[in-house]
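Some notes on the structure that comes next.
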Amino acid sequence: ELQVFVVPHSHNDPGWLQTFESYYNSKTRLILTNVVNGLYDHPERRFIWAEMSYLSLWWKDQGEIMKEKMRTLIKNGQLEIVTGGWVMNDEANTHYFAMLDQMIEGHEWIKHNVGEGIYPRDG
């Protein structure tokens, strides 16, 4: 019997087709806000997020109520931070030092902003 799992996610590539800030303002800000509100209203839904660089911009714009909603969603498993790097690096041709450096930066940001005990399970 074939089982299919669909995991909603959004890949936001900093600096690819637009500047980092332009992409955030035109797309990412609304994606994150809609994801948090949608998941909060529908406990059966799940979503994954990878890029801490964009999450950090969104986080600065939010009040404590929205931040607490996100923490709740992460703790109850509806919103999963995957890898948790500052960006989603190119695994094909990136030097391992650059991969580790951006991963550490993302994990440190999570620890100091989202909270102790919240960390990616993978990555």
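Labels used: A, B, ... for chains in the order of the structure tokens, numbers from 1 for residues in each chain, and numbers from 1 for ligands as shown.
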
Check your understanding: Could you write out, as number ranges by chain, all the residues of chain A that DSSP marks as strand (DSSP E or B)?
Key -> A: 9, 47-49, 79-81

How would the residues just picked look written out with N, CA and C atoms as a PDB file, in the first residue's frame?
ATOM      1  N   HIS A   9       5.709  23.591   2.813  1.00  0.00           N
ATOM      2  CA  HIS A   9       6.878  24.385   3.172  1.00  0.00           C
ATOM      3  C   HIS A   9       6.986  25.544   2.189  1.00  0.00           C
ATOM      4  N   PHE A  47       3.575  22.574   9.041  1.00  0.00           N
ATOM      5  CA  PHE A  47       4.375  23.377   8.114  1.00  0.00           C
ATOM      6  C   PHE A  47       5.822  23.304   8.571  1.00  0.00           C
ATOM      7  N   ILE A  48       6.754  23.386   7.609  1.00  0.00           N
ATOM      8  CA  ILE A  48       8.177  23.439   7.970  1.00  0.00           C
ATOM      9  C   ILE A  48       8.783  24.736   7.459  1.00  0.00           C
ATOM     10  N   TRP A  49       9.803  25.226   8.177  1.00  0.00           N
ATOM     11  CA  TRP A  49      10.495  26.453   7.809  1.00  0.00           C
ATOM     12  C   TRP A  49      11.990  26.247   7.979  1.00  0.00           C
ATOM     13  N   LEU A  79       4.560  23.511  13.673  1.00  0.00           N
ATOM     14  CA  LEU A  79       5.566  24.248  12.908  1.00  0.00           C
ATOM     15  C   LEU A  79       6.929  23.693  13.282  1.00  0.00           C
ATOM     16  N   GLU A  80       7.624  23.171  12.294  1.00  0.00           N
ATOM     17  CA  GLU A  80       8.941  22.593  12.545  1.00  0.00           C
ATOM     18  C   GLU A  80      10.008  23.430  11.853  1.00  0.00           C
ATOM     19  N   ILE A  81      11.029  23.791  12.598  1.00  0.00           N
ATOM     20  CA  ILE A  81      12.187  24.458  12.021  1.00  0.00           C
ATOM     21  C   ILE A  81      13.132  23.355  11.575  1.00  0.00           C
TER      22      ILE A  81
END

Review point. Which polymer residues have any atom within 9 Å of an atom of range 26-30 of chain A, counting only C-alpha atoms, with same-chain residues fewer than 2 positions away left out, as a VMD selection string?
Key: chain A and resid 10 12 21 to 24 32 to 35 54 to 55 57 to 58

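Computed from the coordinates, the CA of Arg45 in chain A to CA of Leu2 in chain A distance equals 21.3 Å.
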
Spatial neighbours of Ile118 in chain A, 12 Å, only C-alpha atoms, chain gap at least 3 places, as a PDB file with N, CA and C atoms, in the first residue's frame:
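This is the output file around.pdb:
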ATOM      1  N   MET A  70       3.835  31.557  17.692  1.00  0.00           N
ATOM      2  CA  MET A  70       4.844  30.767  16.979  1.00  0.00           C
ATOM      3  C   MET A  70       5.523  29.784  17.916  1.00  0.00           C
ATOM      4  N   ARG A  71       5.884  30.218  19.102  1.00  0.00           N
ATOM      5  CA  ARG A  71       6.515  29.311  20.066  1.00  0.00           C
ATOM      6  C   ARG A  71       5.599  28.119  20.362  1.00  0.00           C
ATOM      7  N   THR A  72       4.314  28.390  20.541  1.00  0.00           N
ATOM      8  CA  THR A  72       3.340  27.336  20.815  1.00  0.00           C
ATOM      9  C   THR A  72       3.276  26.354  19.657  1.00  0.00           C
ATOM     10  N   LEU A  73       3.227  26.869  18.442  1.00  0.00           N
ATOM     11  CA  LEU A  73       3.164  26.003  17.259  1.00  0.00           C
ATOM     12  C   LEU A  73       4.406  25.126  17.132  1.00  0.00           C
ATOM     13  N   ILE A  74       5.564  25.683  17.460  1.00  0.00           N
ATOM     14  CA  ILE A  74       6.801  24.902  17.409  1.00  0.00           C
ATOM     15  C   ILE A  74       6.783  23.821  18.489  1.00  0.00           C
ATOM     16  N   LYS A  75       6.401  24.202  19.693  1.00  0.00           N
ATOM     17  CA  LYS A  75       6.397  23.246  20.802  1.00  0.00           C
ATOM     18  C   LYS A  75       5.409  22.109  20.598  1.00  0.00           C
ATOM     19  N   ASN A  76       4.260  22.401  19.954  1.00  0.00           N
ATOM     20  CA  ASN A  76       3.279  21.331  19.769  1.00  0.00           C
ATOM     21  C   ASN A  76       3.468  20.563  18.461  1.00  0.00           C
ATOM     22  N   GLY A  77       4.517  20.894  17.703  1.00  0.00           N
ATOM     23  CA  GLY A  77       4.873  20.123  16.520  1.00  0.00           C
ATOM     24  C   GLY A  77       4.179  20.519  15.232  1.00  0.00           C
ATOM     25  N   LEU A  79       4.560  23.511  13.673  1.00  0.00           N
ATOM     26  CA  LEU A  79       5.566  24.248  12.908  1.00  0.00           C
ATOM     27  C   LEU A  79       6.929  23.693  13.282  1.00  0.00           C
ATOM     28  N   GLU A  80       7.624  23.171  12.294  1.00  0.00           N
ATOM     29  CA  GLU A  80       8.941  22.593  12.545  1.00  0.00           C
ATOM     30  C   GLU A  80      10.008  23.430  11.853  1.00  0.00           C
ATOM     31  N   ILE A  81      11.029  23.791  12.598  1.00  0.00           N
ATOM     32  CA  ILE A  81      12.187  24.458  12.021  1.00  0.00           C
ATOM     33  C   ILE A  81      13.132  23.355  11.575  1.00  0.00           C
ATOM     34  N   VAL A  82      13.352  23.282  10.270  1.00  0.00           N
ATOM     35  CA  VAL A  82      14.235  22.248   9.721  1.00  0.00           C
ATOM     36  C   VAL A  82      15.599  22.849   9.434  1.00  0.00           C
ATOM     37  N   GLY A  84      17.564  24.819  10.481  1.00  0.00           N
ATOM     38  CA  GLY A  84      17.739  25.982  11.352  1.00  0.00           C
ATOM     39  C   GLY A  84      18.918  26.852  10.999  1.00  0.00           C
ATOM     40  N   HIS A 107      21.274  28.631  14.484  1.00  0.00           N
ATOM     41  CA  HIS A 107      20.938  27.976  15.751  1.00  0.00           C
ATOM     42  C   HIS A 107      21.094  28.936  16.929  1.00  0.00           C
ATOM     43  N   GLU A 108      22.115  29.767  16.884  1.00  0.00           N
ATOM     44  CA  GLU A 108      22.294  30.766  17.938  1.00  0.00           C
ATOM     45  C   GLU A 108      21.142  31.771  17.945  1.00  0.00           C
ATOM     46  N   TRP A 109      20.701  32.168  16.758  1.00  0.00           N
ATOM     47  CA  TRP A 109      19.579  33.107  16.687  1.00  0.00           C
ATOM     48  C   TRP A 109      18.327  32.488  17.305  1.00  0.00           C
ATOM     49  N   ILE A 110      18.057  31.225  16.990  1.00  0.00           N
ATOM     50  CA  ILE A 110      16.891  30.540  17.555  1.00  0.00           C
ATOM     51  C   ILE A 110      16.981  30.539  19.075  1.00  0.00           C
ATOM     52  N   LYS A 111      18.126  30.143  19.585  1.00  0.00           N
ATOM     53  CA  LYS A 111      18.326  30.040  21.033  1.00  0.00           C
ATOM     54  C   LYS A 111      18.102  31.382  21.725  1.00  0.00           C
ATOM     55  N   HIS A 112      18.628  32.457  21.155  1.00  0.00           N
ATOM     56  CA  HIS A 112      18.562  33.770  21.814  1.00  0.00           C
ATOM     57  C   HIS A 112      17.267  34.528  21.555  1.00  0.00           C
ATOM     58  N   ASN A 113      16.489  34.114  20.564  1.00  0.00           N
ATOM     59  CA  ASN A 113      15.279  34.860  20.230  1.00  0.00           C
ATOM     60  C   ASN A 113      13.990  34.061  20.406  1.00  0.00           C
ATOM     61  N   VAL A 114      13.945  32.877  19.882  1.00  0.00           N
ATOM     62  CA  VAL A 114      12.725  32.082  19.977  1.00  0.00           C
ATOM     63  C   VAL A 114      12.637  31.446  21.350  1.00  0.00           C
ATOM     64  N   GLY A 115      13.766  30.989  21.872  1.00  0.00           N
ATOM     65  CA  GLY A 115      13.754  30.500  23.233  1.00  0.00           C
ATOM     66  C   GLY A 115      14.604  29.266  23.457  1.00  0.00           C
ATOM     67  N   ARG A 121      15.123  19.564  15.191  1.00  0.00           N
ATOM     68  CA  ARG A 121      15.384  18.163  15.530  1.00  0.00           C
ATOM     69  C   ARG A 121      16.389  17.567  14.561  1.00  0.00           C
TER      70      ARG A 121
END

Point to revise | Filtered DSSP result for range 6-90 of chain A, state helix (DSSP H, G or I), as JSON, numbers by chain | key: {"A": [20, 21, 22, 23, 24, 25, 26, 27, 28, 29, 30, 31, 32, 33, 34, 35, 36, 37, 38, 39, 40, 41, 52, 53, 54, 55, 56, 57, 58, 59, 60, 61, 64, 65, 66, 67, 68, 69, 70, 71, 72, 73, 74, 75]}

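What separates CA of Ser56 in chain A from CA of Trp16 in chain A is a distance of 18.2 Å.
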